[in-house]
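Chemist: So here's input.pdb (PDB, C-alpha atoms and all ligand atoms).
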```
ATOM      1  CA  MET G   1     -15.231  -3.740 -17.624
ATOM      2  CA  LYS G   2     -17.127  -5.246 -14.692
ATOM      3  CA  LYS G   3     -17.397  -3.004 -11.631
ATOM      4  CA  LEU G   4     -16.397  -4.061  -8.144
ATOM      5  CA  LEU G   5     -17.176  -1.813  -5.213
ATOM      6  CA  ILE G   6     -14.754  -2.457  -2.363
ATOM      7  CA  THR G   7     -15.220  -0.736   0.974
ATOM      8  CA  GLY G   8     -13.269  -0.306   4.215
ATOM      9  CA  PHE G   9     -14.275   1.305   7.506
ATOM     10  CA  GLU G  10     -13.073   4.415   9.266
ATOM     11  CA  PRO G  11     -11.096   3.797  12.504
ATOM     12  CA  PHE G  12     -13.160   3.010  15.610
ATOM     13  CA  GLY G  13     -12.785   1.790  19.173
ATOM     14  CA  GLY G  14      -9.937   4.191  19.966
ATOM     15  CA  GLU G  15      -7.763   3.067  17.027
ATOM     16  CA  VAL G  16      -6.004   5.627  14.824
ATOM     17  CA  ILE G  17      -6.224   3.490  11.685
ATOM     18  CA  ASN G  18      -8.535   0.791  10.404
ATOM     19  CA  PRO G  19      -6.536  -1.911   8.563
ATOM     20  CA  SER G  20      -9.563  -2.596   6.345
ATOM     21  CA  MET G  21      -9.365   0.852   4.749
ATOM     22  CA  GLU G  22      -5.544   0.917   4.780
ATOM     23  CA  ALA G  23      -5.513  -2.330   2.777
ATOM     24  CA  VAL G  24      -8.302  -1.264   0.402
ATOM     25  CA  ASP G  25      -6.384   1.930  -0.373
ATOM     26  CA  LEU G  26      -3.331  -0.146  -1.405
ATOM     27  CA  LEU G  27      -5.166  -2.500  -3.800
ATOM     28  CA  LEU G  28      -4.399  -2.232  -7.516
ATOM     29  CA  PRO G  29      -7.127  -0.453  -9.529
ATOM     30  CA  ASN G  30      -7.832  -3.510 -11.751
ATOM     31  CA  ILE G  31      -7.929  -7.120 -10.547
ATOM     32  CA  ASN G  32      -9.337 -10.225 -12.305
ATOM     33  CA  GLY G  33     -11.098  -8.181 -14.981
ATOM     34  CA  TYR G  34     -12.820  -5.917 -12.450
ATOM     35  CA  VAL G  35     -12.312  -2.203 -12.145
ATOM     36  CA  LEU G  36     -12.318  -1.322  -8.451
ATOM     37  CA  THR G  37     -14.175   1.580  -6.871
ATOM     38  CA  LYS G  38     -13.027   2.208  -3.287
ATOM     39  CA  LEU G  39     -15.170   3.690  -0.539
ATOM     40  CA  CYS G  40     -14.585   4.442   3.152
ATOM     41  CA  VAL G  41     -17.744   3.995   5.210
ATOM     42  CA  PRO G  42     -18.670   5.276   8.678
ATOM     43  CA  VAL G  43     -19.084   3.009  11.703
ATOM     44  CA  ILE G  44     -22.772   3.879  11.985
ATOM     45  CA  TYR G  45     -25.657   1.390  12.017
ATOM     46  CA  GLY G  46     -27.848   1.793   8.934
ATOM     47  CA  GLU G  47     -25.853   4.678   7.493
ATOM     48  CA  ALA G  48     -22.965   2.400   6.397
ATOM     49  CA  ALA G  49     -25.328   0.327   4.237
ATOM     50  CA  ARG G  50     -27.122   3.398   2.859
ATOM     51  CA  GLN G  51     -23.826   4.845   1.620
ATOM     52  CA  VAL G  52     -22.671   1.551   0.098
ATOM     53  CA  ILE G  53     -26.012   0.931  -1.654
ATOM     54  CA  ARG G  54     -25.989   4.471  -3.083
ATOM     55  CA  GLU G  55     -22.456   4.070  -4.463
ATOM     56  CA  ALA G  56     -23.081   0.526  -5.768
ATOM     57  CA  GLU G  57     -26.139   1.709  -7.690
ATOM     58  CA  ARG G  58     -24.322   4.797  -8.971
ATOM     59  CA  ILE G  59     -21.469   2.771 -10.504
ATOM     60  CA  GLY G  60     -23.559  -0.286 -11.440
ATOM     61  CA  ALA G  61     -21.521  -2.686  -9.292
ATOM     62  CA  ALA G  62     -21.543  -6.359 -10.281
ATOM     63  CA  VAL G  63     -19.897  -7.262  -6.979
ATOM     64  CA  ILE G  64     -19.720  -5.519  -3.600
ATOM     65  CA  LEU G  65     -16.940  -6.636  -1.259
ATOM     66  CA  CYS G  66     -16.852  -4.977   2.162
ATOM     67  CA  ILE G  67     -13.864  -5.225   4.487
ATOM     68  CA  GLY G  68     -13.763  -4.661   8.255
ATOM     69  CA  GLN G  69     -11.409  -5.020  11.196
ATOM     70  CA  ALA G  70     -11.958  -7.925  13.581
ATOM     71  CA  GLY G  71      -9.637  -7.348  16.514
ATOM     72  CA  GLY G  72      -8.693 -10.638  18.175
ATOM     73  CA  ARG G  73      -8.791 -12.745  15.014
ATOM     74  CA  ASN G  74      -5.534 -14.228  13.735
ATOM     75  CA  ALA G  75      -6.663 -14.951  10.158
ATOM     76  CA  ILE G  76      -8.387 -13.437   7.154
ATOM     77  CA  THR G  77     -12.020 -14.465   7.545
ATOM     78  CA  PRO G  78     -14.532 -14.275   4.683
ATOM     79  CA  GLU G  79     -17.982 -14.171   6.305
ATOM     80  CA  LEU G  80     -20.542 -16.829   5.334
ATOM     81  CA  VAL G  81     -23.662 -15.195   6.761
ATOM     82  CA  GLY G  82     -25.266 -11.927   7.852
ATOM     83  CA  ILE G  83     -27.883 -12.121  10.632
ATOM     84  CA  ASN G  84     -30.858  -9.879  11.403
ATOM     85  CA  LEU G  85     -29.485  -8.642  14.710
ATOM     86  CA  ARG G  86     -27.977  -5.526  16.206
ATOM     87  CA  ASN G  87     -26.093  -5.783  19.485
ATOM     88  CA  ALA G  88     -23.296  -3.412  20.439
ATOM     89  CA  SER G  89     -20.800  -3.384  23.288
ATOM     90  CA  ILE G  90     -19.510   0.068  22.294
ATOM     91  CA  PRO G  91     -21.592   2.909  20.793
ATOM     92  CA  ASP G  92     -21.407   3.463  17.037
ATOM     93  CA  HIS G  93     -20.244   6.862  15.734
ATOM     94  CA  ALA G  94     -23.795   8.220  16.046
ATOM     95  CA  MET G  95     -23.734   7.192  19.740
ATOM     96  CA  TYR G  96     -26.235   4.397  19.101
ATOM     97  CA  MET G  97     -25.795   1.247  21.175
ATOM     98  CA  PRO G  98     -28.559  -1.249  20.371
ATOM     99  CA  LYS G  99     -29.170  -4.280  22.562
ATOM    100  CA  ASP G 100     -30.599  -7.314  20.752
ATOM    101  CA  GLU G 101     -32.675  -5.426  18.182
ATOM    102  CA  PRO G 102     -33.533  -6.606  14.675
ATOM    103  CA  ILE G 103     -31.964  -4.781  11.738
ATOM    104  CA  GLU G 104     -35.192  -5.184   9.754
ATOM    105  CA  ILE G 105     -38.383  -5.815  11.715
ATOM    106  CA  GLY G 106     -40.040  -8.824  10.077
ATOM    107  CA  GLY G 107     -37.018  -9.350   7.826
ATOM    108  CA  ASP G 108     -35.532 -12.744   7.100
ATOM    109  CA  VAL G 109     -33.476 -14.126   9.980
ATOM    110  CA  ALA G 110     -30.280 -14.350   7.915
ATOM    111  CA  TYR G 111     -28.804 -14.358   4.442
ATOM    112  CA  PHE G 112     -25.846 -16.297   3.130
ATOM    113  CA  SER G 113     -23.153 -14.343   1.296
ATOM    114  CA  SER G 114     -23.502 -14.545  -2.473
ATOM    115  CA  LEU G 115     -19.718 -14.838  -2.899
ATOM    116  CA  PRO G 116     -17.831 -18.173  -2.957
ATOM    117  CA  VAL G 117     -16.467 -17.738   0.573
ATOM    118  CA  ARG G 118     -15.041 -21.263   0.897
ATOM    119  CA  LYS G 119     -13.145 -20.969  -2.384
ATOM    120  CA  MET G 120     -11.847 -17.520  -1.403
ATOM    121  CA  ALA G 121     -10.659 -18.665   2.042
ATOM    122  CA  GLU G 122      -8.932 -21.716   0.579
ATOM    123  CA  ALA G 123      -7.213 -19.655  -2.111
ATOM    124  CA  ILE G 124      -5.898 -17.182   0.484
ATOM    125  CA  ALA G 125      -4.626 -20.019   2.671
ATOM    126  CA  SER G 126      -2.967 -21.628  -0.385
ATOM    127  CA  ALA G 127      -1.155 -18.331  -0.970
ATOM    128  CA  GLY G 128       0.397 -18.798   2.482
ATOM    129  CA  ILE G 129      -1.737 -16.348   4.483
ATOM    130  CA  PRO G 130      -3.804 -17.663   7.414
ATOM    131  CA  ALA G 131      -7.483 -17.724   6.378
ATOM    132  CA  ARG G 132     -10.695 -19.543   7.268
ATOM    133  CA  VAL G 133     -14.416 -19.167   6.697
ATOM    134  CA  SER G 134     -16.197 -17.334   9.530
ATOM    135  CA  TYR G 135     -19.757 -18.244  10.495
ATOM    136  CA  SER G 136     -20.467 -15.011  12.361
ATOM    137  CA  ALA G 137     -19.713 -11.404  11.493
ATOM    138  CA  GLY G 138     -20.850 -10.432  15.000
ATOM    139  CA  ALA G 139     -23.766  -8.067  15.662
ATOM    140  CA  TYR G 140     -22.021  -4.709  15.300
ATOM    141  CA  VAL G 141     -21.807  -2.452  12.227
ATOM    142  CA  CYS G 142     -20.002  -4.971   9.995
ATOM    143  CA  ASN G 143     -22.794  -7.550  10.305
ATOM    144  CA  ASP G 144     -25.313  -4.701   9.914
ATOM    145  CA  LEU G 145     -23.703  -3.748   6.612
ATOM    146  CA  LEU G 146     -23.480  -7.343   5.339
ATOM    147  CA  TYR G 147     -27.073  -8.248   6.263
ATOM    148  CA  SER G 148     -28.511  -5.004   4.883
ATOM    149  CA  LEU G 149     -26.689  -5.380   1.556
ATOM    150  CA  LEU G 150     -27.703  -9.035   1.197
ATOM    151  CA  ALA G 151     -31.326  -8.115   1.962
ATOM    152  CA  HIS G 152     -31.286  -5.192  -0.482
ATOM    153  CA  PHE G 153     -29.643  -7.087  -3.358
ATOM    154  CA  ASN G 154     -31.401 -10.428  -2.689
ATOM    155  CA  GLY G 155     -32.696 -11.792  -6.005
ATOM    156  CA  SER G 156     -30.695  -9.275  -8.055
ATOM    157  CA  LYS G 157     -27.567  -9.897 -10.106
ATOM    158  CA  THR G 158     -25.358  -7.924  -7.694
ATOM    159  CA  ARG G 159     -23.290 -10.254  -5.514
ATOM    160  CA  VAL G 160     -22.304  -9.257  -1.985
ATOM    161  CA  GLY G 161     -19.722 -10.385   0.536
ATOM    162  CA  PHE G 162     -17.697  -9.354   3.553
ATOM    163  CA  ILE G 163     -14.181 -10.141   4.776
ATOM    164  CA  HIS G 164     -12.941  -9.447   8.299
ATOM    165  CA  VAL G 165      -9.211  -8.803   8.700
ATOM    166  CA  PRO G 166      -7.006  -8.869  11.838
ATOM    167  CA  TYR G 167      -5.280  -5.869  13.379
ATOM    168  CA  SER G 168      -2.289  -4.754  11.315
ATOM    169  CA  LYS G 169       1.199  -4.627  12.868
ATOM    170  CA  GLU G 170       1.071  -0.805  13.035
ATOM    171  CA  GLN G 171      -1.687  -1.012  15.665
ATOM    172  CA  ASN G 172       0.627  -2.707  18.205
ATOM    173  CA  LYS G 173      -2.008  -5.216  19.259
ATOM    174  CA  GLU G 174      -1.944  -8.983  19.000
ATOM    175  CA  PRO G 175      -2.786 -11.057  17.114
ATOM    176  CA  SER G 176      -1.832  -8.968  14.118
ATOM    177  CA  MET G 177      -0.865  -9.323  10.455
ATOM    178  CA  GLU G 178       1.459  -7.394   8.121
ATOM    179  CA  LEU G 179      -0.555  -4.875   6.099
ATOM    180  CA  GLY G 180       1.144  -6.227   2.966
ATOM    181  CA  ASP G 181      -0.236  -9.696   3.714
ATOM    182  CA  ILE G 182      -3.743  -8.275   4.181
ATOM    183  CA  VAL G 183      -3.440  -6.537   0.790
ATOM    184  CA  LYS G 184      -2.222  -9.777  -0.816
ATOM    185  CA  ALA G 185      -5.073 -11.738   0.801
ATOM    186  CA  LEU G 186      -7.690  -9.306  -0.525
ATOM    187  CA  THR G 187      -6.106  -9.469  -3.977
ATOM    188  CA  VAL G 188      -6.306 -13.283  -3.939
ATOM    189  CA  ALA G 189      -9.904 -13.064  -2.696
ATOM    190  CA  ILE G 190     -10.848 -10.872  -5.680
ATOM    191  CA  GLU G 191      -8.990 -13.208  -8.045
ATOM    192  CA  ASN G 192     -11.332 -15.962  -6.760
ATOM    193  CA  ILE G 193     -14.543 -13.972  -6.455
ATOM    194  CA  ASP G 194     -16.297 -15.452  -9.499
ATOM    195  CA  LEU G 195     -18.608 -18.403  -8.808
TER     196      LEU G 195
HETATM  197  N1  LIG G 201     -15.208  -3.569  12.326
HETATM  198  C1  LIG G 201     -16.439  -3.456  13.081
HETATM  199  C2  LIG G 201     -17.155  -2.257  12.511
HETATM  200  C3  LIG G 201     -16.137  -1.523  11.692
HETATM  201  C4  LIG G 201     -15.003  -2.463  11.570
HETATM  202  O1  LIG G 201     -13.993  -2.269  10.869
HETATM  203  C5  LIG G 201     -17.241  -4.744  13.112
HETATM  204  O2  LIG G 201     -16.641  -5.821  13.012
HETATM  205  O3  LIG G 201     -18.461  -4.707  13.249
END
```
When written as structure tokens, how does the structure in this file appear?
Ligand code: PCA

Modeler:
Amino acid sequence: MKKLLITGFEPFGGEVINPSMEAVDLLLPNINGYVLTKLCVPVIYGEAARQVIREAERIGAAVILCIGQAGGRNAITPELVGINLRNASIPDHAMYMPKDEPIEIGGDVAYFSSLPVRKMAEAIASAGIPARVSYSAGAYVCNDLLYSLLAHFNGSKTRVGFIHVPYSKEQNKEPSMELGDIVKALTVAIENIDL
């Protein structure tokens, strides 16, 4: 069976949970002909991508789908693009707080996701869960992970994408979404992940 590596992040920014990892943990082990491998990654520039690349190469992933929390968003947002920029407003978990630095000196400015983000967003919305394509994953660790994976797997057969999810209800912040709806949205995304 085809291998899909799906990742979530550890909690950050004073939160006790990260809905990305909570939702990943609840996904079924097989979806759309893929067998899922789940991984929790640290909120650390550079290190997040190193761990995901190592695991993807170990299992021979055909697809890598990374999930992260985007506090303040009210919809599931598949990311269209990763940009070659690091800019943090809070330190990462290695106490690194870059200000307008490139991820890769001399690297391409940006890469588009190699997943069908429009199709995925539309399918999630059709399932009744708010969703839209996002044109910026920010400049914190989530964008760092997306850009670094797209750069690493550029020109290879491994496809890469990222989905930001809102706070879950348990976090008592607004806007928020039921964890069950986040799980359903990710399931629909995987059901529509083939080009
Ligand atoms: N969200 C952060 C990093 C980890 C996460 O879940 C981000 O959007 O960059």

Chemist: Kindly give the distance, in Å, that separates atom CA of G:Val43 and atom CA of G:Thr187, rounded to a single decimal.

Modeler: 23.9 Å

Chemist: Within 9 Å of ligand LIG 201 (chain G), counting all atoms listed in the file: which residues, as a PDB file with C-alpha atoms, keeping the file's coordinate frame?

Modeler:
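Okay, this is what ended up in result_4.pdb:
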```pdb
ATOM      1  CA  GLY G   8     -13.269  -0.306   4.215  1.00  0.00           C
ATOM      2  CA  PHE G   9     -14.275   1.305   7.506  1.00  0.00           C
ATOM      3  CA  GLU G  10     -13.073   4.415   9.266  1.00  0.00           C
ATOM      4  CA  PRO G  11     -11.096   3.797  12.504  1.00  0.00           C
ATOM      5  CA  PHE G  12     -13.160   3.010  15.610  1.00  0.00           C
ATOM      6  CA  GLY G  13     -12.785   1.790  19.173  1.00  0.00           C
ATOM      7  CA  ASN G  18      -8.535   0.791  10.404  1.00  0.00           C
ATOM      8  CA  PRO G  19      -6.536  -1.911   8.563  1.00  0.00           C
ATOM      9  CA  SER G  20      -9.563  -2.596   6.345  1.00  0.00           C
ATOM     10  CA  MET G  21      -9.365   0.852   4.749  1.00  0.00           C
ATOM     11  CA  VAL G  41     -17.744   3.995   5.210  1.00  0.00           C
ATOM     12  CA  PRO G  42     -18.670   5.276   8.678  1.00  0.00           C
ATOM     13  CA  VAL G  43     -19.084   3.009  11.703  1.00  0.00           C
ATOM     14  CA  ILE G  44     -22.772   3.879  11.985  1.00  0.00           C
ATOM     15  CA  ILE G  67     -13.864  -5.225   4.487  1.00  0.00           C
ATOM     16  CA  GLY G  68     -13.763  -4.661   8.255  1.00  0.00           C
ATOM     17  CA  GLN G  69     -11.409  -5.020  11.196  1.00  0.00           C
ATOM     18  CA  ALA G  70     -11.958  -7.925  13.581  1.00  0.00           C
ATOM     19  CA  GLY G  71      -9.637  -7.348  16.514  1.00  0.00           C
ATOM     20  CA  ALA G  88     -23.296  -3.412  20.439  1.00  0.00           C
ATOM     21  CA  ASP G  92     -21.407   3.463  17.037  1.00  0.00           C
ATOM     22  CA  ALA G 137     -19.713 -11.404  11.493  1.00  0.00           C
ATOM     23  CA  GLY G 138     -20.850 -10.432  15.000  1.00  0.00           C
ATOM     24  CA  ALA G 139     -23.766  -8.067  15.662  1.00  0.00           C
ATOM     25  CA  TYR G 140     -22.021  -4.709  15.300  1.00  0.00           C
ATOM     26  CA  VAL G 141     -21.807  -2.452  12.227  1.00  0.00           C
ATOM     27  CA  CYS G 142     -20.002  -4.971   9.995  1.00  0.00           C
ATOM     28  CA  ASN G 143     -22.794  -7.550  10.305  1.00  0.00           C
ATOM     29  CA  ASP G 144     -25.313  -4.701   9.914  1.00  0.00           C
ATOM     30  CA  LEU G 145     -23.703  -3.748   6.612  1.00  0.00           C
ATOM     31  CA  HIS G 164     -12.941  -9.447   8.299  1.00  0.00           C
ATOM     32  CA  VAL G 165      -9.211  -8.803   8.700  1.00  0.00           C
TER      33      VAL G 165
END
```

Chemist: Tell me, in Å to one decimal, how far atom CA of G:Glu79 is from atom CA of G:Tyr167.

Modeler: 16.7 Å

Chemist: Draw an axis-aligned box over all listed atoms of stretch 13-24 of chain G, pad each side with 8 Å, and write its centre and edge lengths in Å, one decimal, as JSON.

Modeler:
```
{"center_x": -9.1, "center_y": 1.5, "center_z": 10.2, "size_x": 23.3, "size_y": 24.2, "size_z": 35.6}
```

Chemist: Measuring atom to atom with all atoms listed in the file, identify which of G:Lys184, G:Arg86, G:Lys3, G:Arg58 is nearest to G:Ser126.

Modeler: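 Among the listed residues, G:Lys184 lies closest to G:Ser126.
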
Chemist: Using all atoms listed in the file, which of the listed residues (G:Leu26, G:Leu149, G:Ile124, G:Ile64) sits closest to G:Val81?

Modeler: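 Checking each candidate against G:Val81, we get G:Leu149 as the closest.
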
Chemist: Restricting the calculation to all atoms listed in the file, which member of G:Ala49, G:Ile6, G:Ala123, G:Ile59 is positioned closest to G:Ile103?

Modeler: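 Residue with the minimum atom-to-atom distance to G:Ile103: G:Ala49.
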
Chemist: What gap, in Å, lies between atom CA of G:Gly161 and atom CA of G:Asn84?

Modeler: 15.6 Å
